[in-house]
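File shown here: work03.tsv, holding TSV, C-alpha atoms and all ligand atoms.
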```
chain	number	residue	atom	x	y	z
A	21	MET	CA	-83.56	-16.39	15.33
A	22	GLU	CA	-86.81	-17.68	13.83
A	23	GLN	CA	-89.00	-19.68	16.17
A	24	HIS	CA	-91.65	-22.27	15.44
A	25	ARG	CA	-94.39	-23.60	17.63
A	26	PHE	CA	-93.13	-26.90	19.05
A	27	GLY	CA	-95.71	-29.50	17.98
A	28	PRO	CA	-98.84	-29.31	20.13
A	29	LEU	CA	-97.17	-27.16	22.80
A	30	LYS	CA	-97.99	-23.48	23.24
A	31	ARG	CA	-94.27	-22.79	23.43
A	32	GLU	CA	-92.27	-21.34	20.53
A	33	VAL	CA	-88.82	-22.86	20.12
A	34	PRO	CA	-85.90	-21.61	17.98
A	35	ILE	CA	-85.57	-23.51	14.72
A	36	ILE	CA	-81.83	-24.03	15.35
A	37	GLY	CA	-80.88	-25.60	18.66
A	38	GLN	CA	-77.82	-27.19	20.20
A	39	GLY	CA	-76.90	-30.88	20.15
A	40	THR	CA	-74.54	-32.29	22.79
A	41	TRP	CA	-73.56	-35.82	21.76
A	42	ASN	CA	-69.79	-36.28	22.28
A	43	LEU	CA	-69.53	-32.88	23.94
A	44	GLU	CA	-67.56	-34.45	26.79
A	45	HIS	CA	-64.68	-35.12	24.36
A	46	SER	CA	-64.13	-31.38	23.94
A	47	ASN	CA	-62.23	-29.07	26.22
A	48	ARG	CA	-64.71	-28.63	29.07
A	49	LYS	CA	-64.25	-24.90	29.58
A	50	ALA	CA	-64.42	-24.10	25.86
A	51	ALA	CA	-67.46	-26.31	25.30
A	52	ILE	CA	-69.35	-24.71	28.20
A	53	ALA	CA	-68.45	-21.25	26.88
A	54	ALA	CA	-69.73	-22.33	23.44
A	55	LEU	CA	-73.04	-23.54	24.90
A	56	ARG	CA	-73.43	-20.20	26.69
A	57	ALA	CA	-72.61	-18.31	23.49
A	58	GLY	CA	-75.26	-20.43	21.76
A	59	LEU	CA	-77.83	-19.24	24.31
A	60	ASP	CA	-76.75	-15.62	23.76
A	61	LEU	CA	-77.34	-16.17	20.03
A	62	GLY	CA	-80.86	-17.48	20.64
A	63	MET	CA	-80.18	-21.22	20.35
A	64	THR	CA	-82.06	-21.94	23.53
A	65	HIS	CA	-83.19	-25.46	22.60
A	66	ILE	CA	-80.56	-27.72	24.17
A	67	ASP	CA	-80.73	-31.42	23.38
A	68	THR	CA	-79.05	-34.04	25.52
A	69	ALA	CA	-79.48	-37.61	26.78
A	70	GLU	CA	-78.49	-39.74	29.73
A	71	MET	CA	-76.46	-41.74	27.20
A	72	TYR	CA	-74.18	-38.86	26.17
A	73	GLY	CA	-70.89	-39.38	27.95
A	74	SER	CA	-72.83	-41.50	30.49
A	75	GLY	CA	-74.27	-38.29	31.96
A	76	GLU	CA	-71.18	-36.13	31.47
A	77	ALA	CA	-72.89	-33.99	28.79
A	78	GLU	CA	-75.76	-33.28	31.18
A	79	LYS	CA	-73.28	-32.11	33.83
A	80	MET	CA	-71.60	-29.76	31.34
A	81	ILE	CA	-75.00	-28.36	30.39
A	82	ALA	CA	-75.76	-27.75	34.08
A	83	ALA	CA	-72.68	-25.52	34.25
A	84	ALA	CA	-73.65	-23.71	31.03
A	85	ILE	CA	-77.24	-22.96	32.03
A	86	ALA	CA	-76.55	-22.04	35.64
A	87	GLY	CA	-78.55	-18.88	36.38
A	88	ARG	CA	-80.22	-19.07	32.94
A	89	ARG	CA	-82.55	-22.05	33.28
A	90	ASP	CA	-85.67	-20.05	32.36
A	91	GLU	CA	-84.24	-19.18	28.93
A	92	VAL	CA	-83.71	-22.80	27.96
A	93	PHE	CA	-85.95	-25.38	26.28
A	94	LEU	CA	-84.20	-28.35	27.84
A	95	VAL	CA	-84.61	-31.82	26.37
A	96	SER	CA	-83.15	-35.11	27.59
A	97	LYS	CA	-83.76	-38.75	26.74
A	98	VAL	CA	-84.21	-42.03	28.54
A	99	LEU	CA	-82.37	-45.08	27.23
A	100	PRO	CA	-84.64	-47.91	26.07
A	101	SER	CA	-82.94	-50.20	28.60
A	102	ASN	CA	-84.21	-47.90	31.39
A	103	ALA	CA	-87.64	-47.29	29.89
A	104	SER	CA	-89.79	-49.43	32.18
A	105	ARG	CA	-92.29	-47.51	34.34
A	106	LYS	CA	-90.03	-47.36	37.40
A	107	GLY	CA	-86.84	-47.18	35.36
A	108	THR	CA	-88.01	-44.13	33.40
A	109	ILE	CA	-88.83	-42.24	36.57
A	110	ALA	CA	-85.49	-43.12	38.16
A	111	ALA	CA	-83.60	-42.18	34.97
A	112	CYS	CA	-85.38	-38.83	34.82
A	113	GLU	CA	-84.53	-38.10	38.47
A	114	ARG	CA	-80.86	-38.83	37.71
A	115	SER	CA	-80.91	-36.55	34.65
A	116	LEU	CA	-82.55	-33.76	36.66
A	117	ALA	CA	-79.88	-34.08	39.35
A	118	ARG	CA	-77.03	-33.97	36.79
A	119	LEU	CA	-78.64	-31.03	34.99
A	120	ASN	CA	-79.20	-29.30	38.35
A	121	THR	CA	-82.79	-28.45	37.47
A	122	ASP	CA	-86.20	-29.40	38.78
A	123	HIS	CA	-87.80	-29.98	35.38
A	124	LEU	CA	-87.22	-30.84	31.72
A	125	ASP	CA	-89.13	-29.06	29.00
A	126	CYS	CA	-89.38	-32.28	27.03
A	127	TYR	CA	-88.33	-35.86	27.81
A	128	LEU	CA	-87.86	-38.38	25.00
A	129	LEU	CA	-87.62	-42.12	24.60
A	130	HIS	CA	-84.24	-42.33	22.81
A	131	TRP	CA	-85.32	-45.18	20.56
A	132	ARG	CA	-87.80	-48.04	20.66
A	133	GLY	CA	-86.45	-50.93	22.72
A	134	GLY	CA	-87.88	-53.86	24.63
A	135	ALA	CA	-89.88	-51.92	27.22
A	136	PRO	CA	-93.64	-51.84	26.55
A	137	LEU	CA	-94.62	-48.38	25.28
A	138	GLN	CA	-97.55	-48.29	27.73
A	139	GLU	CA	-95.09	-48.41	30.64
A	140	THR	CA	-92.82	-45.67	29.32
A	141	ILE	CA	-95.80	-43.46	28.54
A	142	ALA	CA	-97.34	-44.09	31.97
A	143	ALA	CA	-94.04	-42.97	33.52
A	144	PHE	CA	-93.92	-39.88	31.27
A	145	GLU	CA	-97.47	-38.97	32.35
A	146	GLN	CA	-96.57	-39.49	36.02
A	147	LEU	CA	-93.51	-37.25	35.62
A	148	ARG	CA	-95.60	-34.62	33.88
A	149	ALA	CA	-98.26	-34.68	36.61
A	150	ALA	CA	-95.47	-34.18	39.17
A	151	GLY	CA	-94.13	-31.16	37.24
A	152	LYS	CA	-90.80	-32.88	36.51
A	153	ILE	CA	-91.31	-32.78	32.76
A	154	MET	CA	-93.43	-30.29	30.84
A	155	SER	CA	-93.97	-32.56	27.83
A	156	TRP	CA	-92.70	-35.79	26.30
A	157	GLY	CA	-91.82	-37.15	22.90
A	158	VAL	CA	-90.06	-39.92	21.03
A	159	SER	CA	-86.99	-40.40	18.89
A	160	ASN	CA	-86.17	-42.62	15.92
A	161	PHE	CA	-89.84	-43.59	15.58
A	162	ASP	CA	-91.19	-44.72	12.24
A	163	VAL	CA	-94.87	-44.30	11.34
A	164	ASP	CA	-95.88	-47.66	12.84
A	165	ASP	CA	-94.34	-46.71	16.20
A	166	LEU	CA	-95.90	-43.26	16.04
A	167	GLU	CA	-99.32	-44.77	15.35
A	168	GLU	CA	-98.95	-47.12	18.30
A	169	THR	CA	-97.91	-44.26	20.57
A	170	TRP	CA	-100.80	-42.13	19.35
A	171	ARG	CA	-103.28	-44.92	20.09
A	172	ILE	CA	-102.03	-45.06	23.69
A	173	ALA	CA	-101.83	-41.29	24.21
A	174	PRO	CA	-103.59	-39.33	21.48
A	175	GLY	CA	-102.39	-35.75	21.13
A	176	GLN	CA	-99.59	-36.09	23.66
A	177	ILE	CA	-96.48	-36.59	21.48
A	178	ALA	CA	-94.56	-33.29	21.46
A	179	CYS	CA	-91.89	-34.32	18.96
A	180	ASN	CA	-90.17	-37.08	17.04
A	181	GLN	CA	-86.39	-36.59	16.91
A	182	VAL	CA	-85.00	-38.24	13.78
A	183	LEU	CA	-81.96	-38.42	11.51
A	184	TYR	CA	-82.21	-35.68	8.88
A	185	HIS	CA	-79.55	-34.13	6.69
A	186	LEU	CA	-79.11	-33.30	3.02
A	187	GLU	CA	-77.90	-36.79	2.07
A	188	GLU	CA	-80.53	-38.53	4.22
A	189	ARG	CA	-84.03	-37.24	3.65
A	190	ALA	CA	-85.96	-40.50	4.11
A	191	ILE	CA	-88.19	-38.99	6.82
A	192	GLU	CA	-89.80	-36.80	4.17
A	193	HIS	CA	-91.57	-39.83	2.65
A	194	ALA	CA	-93.88	-40.70	5.53
A	195	VAL	CA	-92.62	-39.52	8.94
A	196	VAL	CA	-92.80	-35.78	8.24
A	197	PRO	CA	-96.29	-35.98	6.67
A	198	TRP	CA	-97.53	-38.06	9.63
A	199	CYS	CA	-96.04	-35.62	12.14
A	200	GLU	CA	-97.52	-32.62	10.36
A	201	GLN	CA	-100.94	-34.25	10.19
A	202	HIS	CA	-100.80	-34.95	13.94
A	203	GLN	CA	-99.10	-31.68	14.97
A	204	VAL	CA	-95.91	-33.33	16.20
A	205	ALA	CA	-92.64	-31.38	15.95
A	206	VAL	CA	-89.94	-32.93	13.74
A	207	VAL	CA	-86.51	-32.40	15.30
A	208	GLY	CA	-83.77	-33.30	12.82
A	209	TYR	CA	-80.59	-34.67	14.32
A	210	SER	CA	-77.10	-34.89	12.78
A	211	PRO	CA	-77.96	-32.05	10.35
A	212	PHE	CA	-74.33	-31.98	9.15
A	213	GLY	CA	-74.28	-35.73	8.63
A	214	HIS	CA	-72.35	-36.54	11.84
A	215	SER	CA	-69.35	-38.71	10.90
A	216	ARG	CA	-70.47	-38.97	7.26
A	217	GLY	CA	-69.34	-35.36	6.94
A	218	PHE	CA	-70.71	-32.27	5.27
A	219	PRO	CA	-70.89	-32.11	1.44
A	220	GLY	CA	-67.66	-30.65	0.05
A	221	ALA	CA	-67.59	-27.53	-2.13
A	222	ARG	CA	-66.09	-29.47	-5.05
A	223	GLY	CA	-69.00	-31.87	-5.28
A	224	LYS	CA	-72.70	-31.35	-4.66
A	225	GLY	CA	-71.80	-28.82	-2.03
A	226	ARG	CA	-71.07	-26.33	-4.81
A	227	VAL	CA	-74.82	-25.64	-5.06
A	228	LEU	CA	-74.88	-24.75	-1.38
A	229	GLU	CA	-71.90	-22.41	-1.86
A	230	GLU	CA	-73.69	-20.65	-4.72
A	231	VAL	CA	-76.89	-20.14	-2.75
A	232	ALA	CA	-74.83	-19.05	0.26
A	233	ALA	CA	-72.90	-16.47	-1.77
A	234	ALA	CA	-76.17	-14.78	-2.77
A	235	HIS	CA	-76.99	-14.28	0.91
A	236	ARG	CA	-73.47	-13.59	2.22
A	237	ALA	CA	-74.03	-16.76	4.19
A	238	THR	CA	-72.22	-20.09	4.43
A	239	ALA	CA	-73.01	-23.49	2.95
A	240	ARG	CA	-73.74	-24.89	6.42
A	241	GLN	CA	-76.18	-22.07	7.14
A	242	VAL	CA	-77.96	-22.77	3.87
A	243	ALA	CA	-78.14	-26.49	4.72
A	244	LEU	CA	-79.58	-25.79	8.18
A	245	ARG	CA	-82.18	-23.45	6.73
A	246	PHE	CA	-83.19	-26.00	4.12
A	247	LEU	CA	-83.62	-28.57	6.89
A	248	THR	CA	-85.89	-26.18	8.83
A	249	ARG	CA	-87.85	-24.87	5.85
A	250	ARG	CA	-91.22	-26.19	7.03
A	251	PRO	CA	-93.02	-24.95	10.19
A	252	SER	CA	-92.87	-28.46	11.69
A	253	MET	CA	-89.06	-28.66	11.47
A	254	PHE	CA	-86.20	-27.95	13.89
A	255	ALA	CA	-82.48	-28.77	13.68
A	256	ILE	CA	-80.03	-29.42	16.51
A	257	PRO	CA	-76.44	-29.20	15.22
A	258	LYS	CA	-73.74	-29.96	17.74
A	259	ALA	CA	-70.87	-27.48	17.97
A	260	SER	CA	-68.13	-27.19	20.55
A	261	SER	CA	-66.61	-23.83	19.64
A	262	ILE	CA	-67.99	-20.30	19.70
A	263	GLU	CA	-66.99	-19.94	16.05
A	264	HIS	CA	-69.09	-22.94	14.94
A	265	MET	CA	-71.93	-21.93	17.24
A	266	THR	CA	-72.03	-18.42	15.74
A	267	GLU	CA	-72.08	-19.77	12.20
A	268	ASN	CA	-74.89	-22.19	13.00
A	269	ALA	CA	-77.00	-19.54	14.75
A	270	GLY	CA	-76.75	-17.40	11.60
A	271	ALA	CA	-79.00	-19.91	9.82
A	272	GLY	CA	-81.89	-18.88	12.03
A	273	ASP	CA	-82.38	-15.57	10.21
A	274	LEU	CA	-81.71	-16.74	6.67
A	275	VAL	CA	-84.64	-16.69	4.23
A	276	LEU	CA	-84.36	-18.98	1.19
A	277	SER	CA	-86.54	-18.39	-1.86
A	278	ASP	CA	-88.71	-21.15	-3.31
A	279	ALA	CA	-86.33	-21.28	-6.28
A	280	GLU	CA	-83.31	-21.77	-3.99
A	281	ILE	CA	-85.11	-24.50	-2.09
A	282	ALA	CA	-85.92	-26.20	-5.41
A	283	THR	CA	-82.26	-25.99	-6.47
A	284	ILE	CA	-81.09	-27.65	-3.24
A	285	ASP	CA	-83.86	-30.24	-3.50
A	286	HIS	CA	-82.63	-31.10	-6.99
A	287	ALA	CA	-78.95	-31.34	-5.95
A	288	PHE	CA	-79.72	-33.53	-2.91
A	289	PRO	CA	-82.68	-35.62	-4.07
A	290	LEU	CA	-85.01	-37.30	-1.66
A	291	GLY	CA	-84.25	-40.85	-2.74
A	292	ARG	CA	-86.56	-43.83	-2.66
A	293	THR	CA	-85.85	-45.43	0.70
A	294	ARG	CA	-88.97	-45.15	2.81
A	295	GLY	CA	-87.80	-46.88	6.00
A	296	LEU	CA	-86.55	-44.76	8.86
A	297	PRO	CA	-82.75	-44.65	8.92
A	298	VAL	CA	-80.98	-44.74	12.26
A	299	LEU	CA	-77.50	-43.34	12.67
B	301	LIG	N1	-81.92	-39.02	18.97
B	301	LIG	C1	-80.87	-39.62	18.48
B	301	LIG	O1	-80.81	-40.86	18.33
B	301	LIG	C2	-79.68	-38.78	18.07
B	301	LIG	C3	-78.66	-39.35	17.30
B	301	LIG	C4	-77.61	-38.53	16.90
B	301	LIG	C5	-77.59	-37.20	17.30
B	301	LIG	N2	-78.57	-36.68	18.10
B	301	LIG	C6	-78.55	-35.28	18.56
B	301	LIG	O2	-78.30	-34.43	17.44
B	301	LIG	C7	-77.14	-33.65	17.68
B	301	LIG	C8	-76.41	-33.30	16.40
B	301	LIG	O3	-75.99	-34.43	15.70
B	301	LIG	P1	-74.48	-34.97	15.67
B	301	LIG	O4	-73.76	-34.49	16.87
B	301	LIG	O5	-74.57	-36.40	15.41
B	301	LIG	O6	-73.84	-34.37	14.36
B	301	LIG	P2	-73.87	-33.00	13.53
B	301	LIG	O7	-74.52	-31.91	14.29
B	301	LIG	O8	-74.39	-33.36	12.20
B	301	LIG	O9	-72.31	-32.72	13.38
B	301	LIG	C9	-71.51	-32.36	14.45
B	301	LIG	C10	-70.12	-32.11	13.88
B	301	LIG	O10	-70.18	-30.93	13.06
B	301	LIG	C11	-69.15	-30.04	13.48
B	301	LIG	N3	-69.66	-28.66	13.31
B	301	LIG	C12	-70.70	-28.07	13.92
B	301	LIG	N4	-70.87	-26.81	13.49
B	301	LIG	C13	-69.88	-26.60	12.56
B	301	LIG	C14	-69.53	-25.50	11.76
B	301	LIG	N5	-70.24	-24.36	11.80
B	301	LIG	N6	-68.44	-25.64	10.92
B	301	LIG	C15	-67.74	-26.79	10.87
B	301	LIG	N7	-68.05	-27.88	11.61
B	301	LIG	C16	-69.11	-27.79	12.46
B	301	LIG	C17	-68.93	-30.33	14.94
B	301	LIG	O11	-67.62	-29.94	15.27
B	301	LIG	P3	-67.24	-29.25	16.67
B	301	LIG	O12	-67.79	-30.11	17.74
B	301	LIG	O13	-65.75	-29.19	16.60
B	301	LIG	O14	-67.84	-27.87	16.69
B	301	LIG	C18	-69.10	-31.84	14.96
B	301	LIG	O15	-67.91	-32.48	14.56
B	301	LIG	C19	-76.33	-34.53	18.64
B	301	LIG	O16	-75.28	-33.83	19.26
B	301	LIG	C20	-77.42	-35.01	19.56
B	301	LIG	O17	-77.78	-34.00	20.49
B	301	LIG	C21	-79.64	-37.45	18.47
```

Can you dump the structure from the file as structure tokens?
Ligand SMILES: NC(=O)c1ccc[n+]([C@@H]2O[C@H](COP(=O)([O-])OP(=O)(O)OC[C@H]3O[C@@H](n4cnc5c(N)ncnc54)[C@H](OP(=O)(O)O)[C@@H]3O)[C@@H](O)[C@H]2O)c1
Amino acid sequence: MEQHRFGPLKREVPIIGQGTWNLEHSNRKAAIAALRAGLDLGMTHIDTAEMYGSGEAEKMIAAAIAGRRDEVFLVSKVLPSNASRKGTIAACERSLARLNTDHLDCYLLHWRGGAPLQETIAAFEQLRAAGKIMSWGVSNFDVDDLEETWRIAPGQIACNQVLYHLEERAIEHAVVPWCEQHQVAVVGYSPFGHSRGFPGARGKGRVLEEVAAAHRATARQVALRFLTRRPSMFAIPKASSIEHMTENAGAGDLVLSDAEIATIDHAFPLGRTRGLPVL
């Protein structure tokens, strides 16, 4: 599993991680076994949020990482409605309790809401000083929000977690360049398009199948590797079976040539929309 340095942190993180939104809708035992299998396969970046299943996903993760906490790069998120100074600290304490851990590796503001950024950031810094979080970042932030955050806390943003899949590449216009210039990790969520679905083999997906065949890989592995082709990029597909988890982990060792990347780029063009899309 290839690893990249995670933004400004010293830590290397696998390029393919594990998402957990809607995990609570799966069979609990099977989903926990899948998360564990994901760790065995090197997908040690686990992404969650207090929002997911109203904390249920965090509880399932606690069961999956029991006895293995040190292997995991554990990320959770505070809801904007909790993101006041006191609210952020209380939300983090609740997440830590559900996850049965004493620290998060990274704590994110889920999206920009009504709480003043200064307050949320002050809470993040307080949590970091107390050793409850190792780093903090943001999610669904456009360049204006990133600039504002940077002005308050230069050099402190570990990552920006944003929507990124083959049919939605808007972040490449301005968000990715900004993040690369400021050494902020770009964590792409919904890499298979969430409910929009993955491109079918009869349509544009045929290109993915052709590239995959040359590597004895799958179209989804090719897509994940395309979405993590730059050193700033990570992807966090969600999977609730060992079979899906194993397929996704296989992307972490795939090497695409420049010509293959150009072919995929051509089949799934960037598009003109510059604004940041939100799922
Ligand atoms: N920050 C944010 O605002 C935000 C927003 C959305 C998502 N996220 C994060 O990003 C993660 C991933 O995004 P997502 O859950 O929206 O969607 P996604 O990863 O694009 O797609 C998940 C779907 O793909 C299926 N799948 C996974 N691997 C597969 C495989 N190898 N073959 C066939 N199907 C496969 C899953 O099925 P099974 O479950 O049956 O395996 C699930 O139905 C989330 O779980 C969450 O952690 C963050």

Discussion item. Report as an MDAnalysis selection string all protein, DNA and RNA residues lying within 9 Å of A:Ile109, evaluated on only C-alpha atoms, omitting residues in the same chain fewer than 4 positions from it.
Written reply: chainID A and resid 102:105 113:114 140 143:144 146:147

Worksheet item: Hey, what's within 8 Å of A:Glu192 if we count all atoms listed in the file and toss same-chain stuff fewer than 4 positions away? As a PyMOL selection string, please?
Response: chain A and resi 196-197+290

Worksheet item: Please, what distance in Å, to one decimal, runs between atom CA of A:Leu276 and atom CA of A:Ser261?
Response: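 Distance reported for this atom pair: 26.1 Å.
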
Practice prompt. Output the neighbourhood of ligand LIG 301 (chain B) as a PyMOL selection string, that is, all protein and nucleic acid residues with some atom at most 6 Å from the ligand, counting only C-alpha atoms and all ligand atoms.
Written response: chain A and resi 39-41+67-68+130+159+181+209-214+256-261+264+267-268

Worksheet item: When distances are computed from only C-alpha atoms, which of A:Val204, A:Met80, A:Ala237, A:Ala255 shows the smallest separation from A:Arg56?
Response: A:Met80

Practice prompt. For A:Ala243, please output as a PyMOL selection string all residues within 10 Å (counting all atoms listed in the file; exclusion window: fewer than 4 positions along the same chain).
Written response: chain A and resi 185-186+211-212+218-219+225+228-229+231-232+238-239+247-249+268+271+281+284

Fill in: Test item: residues at most 9 Å from A:Gly58, only C-alpha atoms, excluding those fewer than 5 positions along its chain, as a list in words
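The filter keeps Gly37, Gln38, Ala53, Met63, Thr64, Ile262, Met265, Thr266, Asn268 and Ala269 of chain A.
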
Worksheet entry | Gap from atom CA of A:Thr108 to atom CA of A:Glu145 - Å, one decimal |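 Between atom CA of A:Thr108 and atom CA of A:Glu145 the gap works out to 10.8 Å.
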
Worksheet item: Using all atoms listed in the file, which residue out of A:Ala221, A:Phe161, A:Gln203, A:Arg189 lies closest to A:Phe246?
Response: A:Arg189

Worksheet item: Taking all atoms listed in the file into account, which of A:Ala77, A:Leu137, A:Leu59, A:Cys126 comes nearest A:Phe26?
Response: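 Residue with the minimum atom-to-atom distance to A:Phe26: A:Cys126.
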
Fill in: Minimum-distance residue to A:Asp90, chosen among A:Asp125, A:Glu44, A:Glu139, A:Glu230 (using only C-alpha atoms)
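Closest candidate: A:Asp125.
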
Worksheet item: Of the residues A:Thr121, A:Ser46, A:Ser115, A:Ser101, which is the one nearest to A:Arg88, using only C-alpha atoms?
Response: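 Of A:Thr121, A:Ser46, A:Ser115, A:Ser101, the one nearest A:Arg88 is A:Thr121, counting only C-alpha atoms.
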
Worksheet item: Nearest to A:Ala51: which of A:Lys79, A:Lys30, A:Arg250, A:Arg245 is it, counting all atoms listed in the file?
Response: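 Between A:Lys79, A:Lys30, A:Arg250, A:Arg245, the residue approaching A:Ala51 most closely is A:Lys79.
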